[in-house]
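Visitor: I'd like to ask you about the structure that follows.
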Amino acid sequence: MLVENILKRTTPGSRGEDTATKAFNELKRLIKECNSSVQSMKRMEELIHLNKKIHFEGKIFPLISQSRWLVKHGELLEVDTQTMSISGSKFKLPTRPVYLHLFNDCLLLSRRKDTWKFMVFVHAKIGQLKVKDFSQKLQGISGFIFHLQLCEGQQLKHHILLKAHTESGKQRWITAMFPSDPLEDIEQASENDDLSQVQCIKSYQAQEHDELTLEKADILQAKTITSDGWVEGIRLSDGERGWFPKTNVEEITNRSARLRNLRENIRIKCVTQKLEEELF
C-alpha cells in the first residue's frame, strides 16, 4: 500500500514514476508468489481433510485433485414441495437440511450422516448448474428462496428448492455458483463513475471462503449491498472480490473522490502494464 501511494504521487512520465512502478511491480510479484504457494498448500490440506468426511452413494468420485479447491460450504434448507400441511388458515411447506460443498469445478449436495460426515446424493459440474432467484416470497414459505437445477448434458439430473435464513445467505450462494468475470468487473469499475464505492474504516479478517480480508483505507467497488448488512465488493487496487460487513466500510458519496480513485487506478494499471510489455 505504501509503494502504491508513492506511485500515485509521482509525476506522470517522470523518472520517479518509472522507479516507483518497477518497485511496485516487483513487490506485487513477490506477494503473489508467496500467497499462491501458501494457498496451494492450504487447498490441498483442505481437500485431504474433506476426503475423509465426504462419502458418495455407490459411486467412486476422486475428490482430491491439484486443480480443485473449495469455494464455499454450508447448510441450507430444502423445501419439500410435495408435502403440504395447513397451519391455521395458512399453507405450510416442510423443510429439511441439505449440505452444500461448492468447489471451483463441481457442486456436491449431501445429508449429514453425523456431525462431521456427509453422504452425497447428487453432484454436478459447475457449468451444468442453473438457478432462479425468487425475489418475492412464495406462499407458504418464509425466508429467502432460490431454485437450483443440476443438469447432465442437456438432461435435468436433479432440482431442488433451497431456503436461506438471510438475504446475504442467499445472495452469497448464488454469486459463488455463478461468479462474474473478474476482468469484466475490473474494467467496469475502471470506466463507470456511477458505480458505488466504499472505503474501509475498520480492518476485517475473512472468516469464510467467499469473504474478503480488508485493510484500513482499502477502496472498493460495491457490487451488492444486502438488507442484513453485507457487501460484495471488488478492491480497486488488485481486483480481488468478496463479501464483508457493511459496518467496516463507509460509502464514498463525493463524485470527485470516486473519479479520482478511478483515475489513479487506471493510471497505475497503465504504467505497470507498459513496464511489463517492455520487459517481455
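Residues are referred to by chain and number: the chain letter is A, B, ... according to the order shown in the C-alpha cells, the number counts from 1 in that chain, and ligands are numbered separately from 1 in the order shown.
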Just want the 8 Å neighbourhood of A:Asn265, counted on only C-alpha atoms, with same-chain residues fewer than 4 positions away dropped. Output as a PyMOL selection string.
Guide: chain A and resi 190+236-237+261+269
Visitor: Please report, as JSON lines, each residue of stretch 96-206 of chain A lying at most 9 Å from stretch 212-231 of chain A, together with the nearest pair of atoms and the separation in Å rounded to one decimal; use only C-alpha atoms, and order rows by chain and ascending residue number.
Guide:
{"residue": "A:Thr166", "atom": "CA", "partner": "A:Asp228", "partner_atom": "CA", "distance": 7.0}
{"residue": "A:Glu167", "atom": "CA", "partner": "A:Thr226", "partner_atom": "CA", "distance": 6.3}
{"residue": "A:Ser168", "atom": "CA", "partner": "A:Thr226", "partner_atom": "CA", "distance": 5.8}
{"residue": "A:Gln171", "atom": "CA", "partner": "A:Thr226", "partner_atom": "CA", "distance": 8.2}
{"residue": "A:Ala189", "atom": "CA", "partner": "A:Gln221", "partner_atom": "CA", "distance": 6.4}
{"residue": "A:Leu195", "atom": "CA", "partner": "A:Gln221", "partner_atom": "CA", "distance": 6.8}
{"residue": "A:Ser196", "atom": "CA", "partner": "A:Ala222", "partner_atom": "CA", "distance": 5.4}
{"residue": "A:Gln197", "atom": "CA", "partner": "A:Gln221", "partner_atom": "CA", "distance": 4.5}
{"residue": "A:Val198", "atom": "CA", "partner": "A:Leu220", "partner_atom": "CA", "distance": 5.4}
{"residue": "A:Gln199", "atom": "CA", "partner": "A:Ile219", "partner_atom": "CA", "distance": 4.5}
{"residue": "A:Cys200", "atom": "CA", "partner": "A:Ala217", "partner_atom": "CA", "distance": 5.0}
{"residue": "A:Ile201", "atom": "CA", "partner": "A:Lys216", "partner_atom": "CA", "distance": 5.3}
{"residue": "A:Lys202", "atom": "CA", "partner": "A:Lys216", "partner_atom": "CA", "distance": 5.5}
{"residue": "A:Ser203", "atom": "CA", "partner": "A:Glu215", "partner_atom": "CA", "distance": 4.6}
{"residue": "A:Tyr204", "atom": "CA", "partner": "A:Leu214", "partner_atom": "CA", "distance": 4.9}
{"residue": "A:Gln205", "atom": "CA", "partner": "A:Thr213", "partner_atom": "CA", "distance": 4.7}
{"residue": "A:Ala206", "atom": "CA", "partner": "A:Thr213", "partner_atom": "CA", "distance": 4.7}
Visitor: Find, counting only C-alpha atoms, the residue in A:Phe144, A:Lys170, A:Cys34, A:Lys157 that gets nearest to A:Phe121.
Guide: A:Lys157
Visitor: So the first atom is atom CA of A:His73 and the second is atom CA of A:His209; what is the distance between them in Å, to one decimal place?
Guide: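 That distance, rounded to one decimal, is 8.3 Å.
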Visitor: Enumerate, as a ChimeraX atom specification, the complete set of residues in stretch 59-249 of chain A that a backbone-based DSSP assignment places in strand (DSSP E or B).
Guide: /A:70-79,85-87,90-92,95-103,106-114,117-125,129-134,144-152,155-164,197-200,204,211,214,219-225,230-235,241-245,249
Visitor: Can you list, as a PyMOL selection string, every residue of stretch 95-245 of chain A that DSSP puts in alpha helix (DSSP H)?
Guide: chain A and resi 167-177+182-191
Visitor: Restricted to N, CA, C and O atoms, what would the selected residues look like written as a PDB file, in the first residue's frame?
Guide:
ATOM      1  N   GLU A 167     -30.981 -12.605   3.492  1.00  0.00           N
ATOM      2  CA  GLU A 167     -30.779 -12.210   2.096  1.00  0.00           C
ATOM      3  C   GLU A 167     -29.333 -12.432   1.677  1.00  0.00           C
ATOM      4  O   GLU A 167     -29.056 -12.924   0.583  1.00  0.00           O
ATOM      5  N   SER A 168     -28.401 -12.073   2.558  1.00  0.00           N
ATOM      6  CA  SER A 168     -26.981 -12.257   2.219  1.00  0.00           C
ATOM      7  C   SER A 168     -26.647 -13.736   2.060  1.00  0.00           C
ATOM      8  O   SER A 168     -25.838 -14.111   1.202  1.00  0.00           O
ATOM      9  N   GLY A 169     -27.285 -14.583   2.886  1.00  0.00           N
ATOM     10  CA  GLY A 169     -27.055 -16.019   2.760  1.00  0.00           C
ATOM     11  C   GLY A 169     -27.425 -16.529   1.385  1.00  0.00           C
ATOM     12  O   GLY A 169     -26.687 -17.317   0.778  1.00  0.00           O
ATOM     13  N   LYS A 170     -28.551 -16.081   0.868  1.00  0.00           N
ATOM     14  CA  LYS A 170     -28.986 -16.484  -0.469  1.00  0.00           C
ATOM     15  C   LYS A 170     -28.076 -15.897  -1.543  1.00  0.00           C
ATOM     16  O   LYS A 170     -27.605 -16.612  -2.436  1.00  0.00           O
ATOM     17  N   GLN A 171     -27.820 -14.599  -1.456  1.00  0.00           N
ATOM     18  CA  GLN A 171     -27.031 -13.934  -2.492  1.00  0.00           C
ATOM     19  C   GLN A 171     -25.597 -14.460  -2.544  1.00  0.00           C
ATOM     20  O   GLN A 171     -25.007 -14.582  -3.627  1.00  0.00           O
ATOM     21  N   ARG A 172     -25.038 -14.794  -1.395  1.00  0.00           N
ATOM     22  CA  ARG A 172     -23.661 -15.298  -1.375  1.00  0.00           C
ATOM     23  C   ARG A 172     -23.559 -16.657  -2.050  1.00  0.00           C
ATOM     24  O   ARG A 172     -22.563 -16.948  -2.733  1.00  0.00           O
ATOM     25  N   TRP A 173     -24.587 -17.498  -1.912  1.00  0.00           N
ATOM     26  CA  TRP A 173     -24.580 -18.783  -2.592  1.00  0.00           C
ATOM     27  C   TRP A 173     -24.734 -18.595  -4.097  1.00  0.00           C
ATOM     28  O   TRP A 173     -24.037 -19.247  -4.899  1.00  0.00           O
ATOM     29  N   ILE A 174     -25.624 -17.714  -4.500  1.00  0.00           N
ATOM     30  CA  ILE A 174     -25.856 -17.513  -5.939  1.00  0.00           C
ATOM     31  C   ILE A 174     -24.605 -16.941  -6.615  1.00  0.00           C
ATOM     32  O   ILE A 174     -24.208 -17.401  -7.691  1.00  0.00           O
ATOM     33  N   THR A 175     -23.976 -15.941  -5.998  1.00  0.00           N
ATOM     34  CA  THR A 175     -22.786 -15.343  -6.612  1.00  0.00           C
ATOM     35  C   THR A 175     -21.602 -16.301  -6.589  1.00  0.00           C
ATOM     36  O   THR A 175     -20.745 -16.245  -7.472  1.00  0.00           O
ATOM     37  N   ALA A 176     -21.554 -17.199  -5.594  1.00  0.00           N
ATOM     38  CA  ALA A 176     -20.476 -18.190  -5.557  1.00  0.00           C
ATOM     39  C   ALA A 176     -20.637 -19.224  -6.670  1.00  0.00           C
ATOM     40  O   ALA A 176     -19.654 -19.669  -7.277  1.00  0.00           O
ATOM     41  N   MET A 177     -21.886 -19.610  -6.958  1.00  0.00           N
ATOM     42  CA  MET A 177     -22.143 -20.587  -8.022  1.00  0.00           C
ATOM     43  C   MET A 177     -22.013 -19.980  -9.406  1.00  0.00           C
ATOM     44  O   MET A 177     -21.632 -20.663 -10.357  1.00  0.00           O
ATOM     45  N   PRO A 182     -13.892 -11.738 -13.523  1.00  0.00           N
ATOM     46  CA  PRO A 182     -13.155 -10.709 -12.772  1.00  0.00           C
ATOM     47  C   PRO A 182     -12.568  -9.620 -13.656  1.00  0.00           C
ATOM     48  O   PRO A 182     -12.489  -8.464 -13.250  1.00  0.00           O
ATOM     49  N   LEU A 183     -12.150  -9.962 -14.897  1.00  0.00           N
ATOM     50  CA  LEU A 183     -11.604  -8.951 -15.798  1.00  0.00           C
ATOM     51  C   LEU A 183     -12.674  -7.939 -16.195  1.00  0.00           C
ATOM     52  O   LEU A 183     -12.422  -6.733 -16.250  1.00  0.00           O
ATOM     53  N   GLU A 184     -13.895  -8.438 -16.437  1.00  0.00           N
ATOM     54  CA  GLU A 184     -15.003  -7.542 -16.772  1.00  0.00           C
ATOM     55  C   GLU A 184     -15.348  -6.661 -15.576  1.00  0.00           C
ATOM     56  O   GLU A 184     -15.671  -5.482 -15.735  1.00  0.00           O
ATOM     57  N   ASP A 185     -15.284  -7.237 -14.373  1.00  0.00           N
ATOM     58  CA  ASP A 185     -15.564  -6.468 -13.161  1.00  0.00           C
ATOM     59  C   ASP A 185     -14.584  -5.312 -13.014  1.00  0.00           C
ATOM     60  O   ASP A 185     -14.968  -4.186 -12.690  1.00  0.00           O
ATOM     61  N   ILE A 186     -13.302  -5.597 -13.259  1.00  0.00           N
ATOM     62  CA  ILE A 186     -12.274  -4.571 -13.105  1.00  0.00           C
ATOM     63  C   ILE A 186     -12.455  -3.478 -14.150  1.00  0.00           C
ATOM     64  O   ILE A 186     -12.357  -2.288 -13.851  1.00  0.00           O
ATOM     65  N   GLU A 187     -12.725  -3.871 -15.407  1.00  0.00           N
ATOM     66  CA  GLU A 187     -12.933  -2.891 -16.468  1.00  0.00           C
ATOM     67  C   GLU A 187     -14.148  -2.014 -16.167  1.00  0.00           C
ATOM     68  O   GLU A 187     -14.125  -0.806 -16.377  1.00  0.00           O
ATOM     69  N   GLN A 188     -15.200  -2.645 -15.669  1.00  0.00           N
ATOM     70  CA  GLN A 188     -16.417  -1.902 -15.337  1.00  0.00           C
ATOM     71  C   GLN A 188     -16.129  -0.906 -14.220  1.00  0.00           C
ATOM     72  O   GLN A 188     -16.550   0.244 -14.274  1.00  0.00           O
ATOM     73  N   ALA A 189     -15.378  -1.351 -13.210  1.00  0.00           N
ATOM     74  CA  ALA A 189     -15.049  -0.479 -12.084  1.00  0.00           C
ATOM     75  C   ALA A 189     -14.154   0.667 -12.529  1.00  0.00           C
ATOM     76  O   ALA A 189     -14.156   1.735 -11.934  1.00  0.00           O
ATOM     77  N   SER A 190     -13.383   0.488 -13.600  1.00  0.00           N
ATOM     78  CA  SER A 190     -12.447   1.498 -14.059  1.00  0.00           C
ATOM     79  C   SER A 190     -13.086   2.526 -14.987  1.00  0.00           C
ATOM     80  O   SER A 190     -12.556   3.598 -15.182  1.00  0.00           O
ATOM     81  N   GLU A 191     -14.217   2.186 -15.565  1.00  0.00           N
ATOM     82  CA  GLU A 191     -14.785   3.034 -16.598  1.00  0.00           C
ATOM     83  C   GLU A 191     -16.101   3.701 -16.206  1.00  0.00           C
ATOM     84  O   GLU A 191     -16.522   4.650 -16.851  1.00  0.00           O
TER      85      GLU A 191
END
Visitor: Enter the distance from atom CA of A:Pro245 to atom CA of A:Gly74, in Å, rounded to one decimal.
Guide: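 Pair atom CA of A:Pro245 / atom CA of A:Gly74 returns 18.6 Å.
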Visitor: Smallest atom-to-atom distance to A:Cys151: which of A:Arg260, A:Lys52, A:Arg112, A:Lys125, using only C-alpha atoms?
Guide: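 Ranking A:Arg260, A:Lys52, A:Arg112, A:Lys125 by distance to A:Cys151, first place goes to A:Lys125.
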Visitor: Find the residue from A:Glu232, A:Glu152, A:Asp105, A:Asp114 that sits nearest to A:Trp69; use only C-alpha atoms when measuring.
Guide: A:Asp105
Visitor: Using only C-alpha atoms, which of A:Ala164, A:Val38, A:Leu93, A:Leu150 sits nearest A:Leu77?
Guide: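 Ranking A:Ala164, A:Val38, A:Leu93, A:Leu150 by distance to A:Leu77, first place goes to A:Ala164.
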Visitor: Considering only C-alpha atoms, can you say which of A:Ser180, A:Gly127, A:Gly233, A:Lys72 comes closest to A:Leu100?
Guide: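 That would be A:Lys72, the residue with the smallest distance to A:Leu100.
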Visitor: So, with only C-alpha atoms as the atoms that count, which of A:Val98, A:Leu63, A:Leu148, A:Leu30 lies closest to A:Phe118?
Guide: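 Checking each of A:Val98, A:Leu63, A:Leu148, A:Leu30 against A:Phe118, counting only C-alpha atoms, the winner is A:Val98.
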Visitor: Identify, on the basis of only C-alpha atoms, every residue whose closest approach to A:Leu161 does not exceed 6 Å; exclude the query and any residue fewer than 3 positions from it along the same chain; express the result as a list in words.
Guide: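 Counting only C-alpha atoms, the residues come to Glu78, Val79 and His147 of chain A.
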Visitor: Report the distance between atom CA of A:Gly153 and atom CA of A:Leu108 in Å, rounded to one decimal place.
Guide: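 According to the coordinates, atom CA of A:Gly153 and atom CA of A:Leu108 are separated by 17.0 Å.
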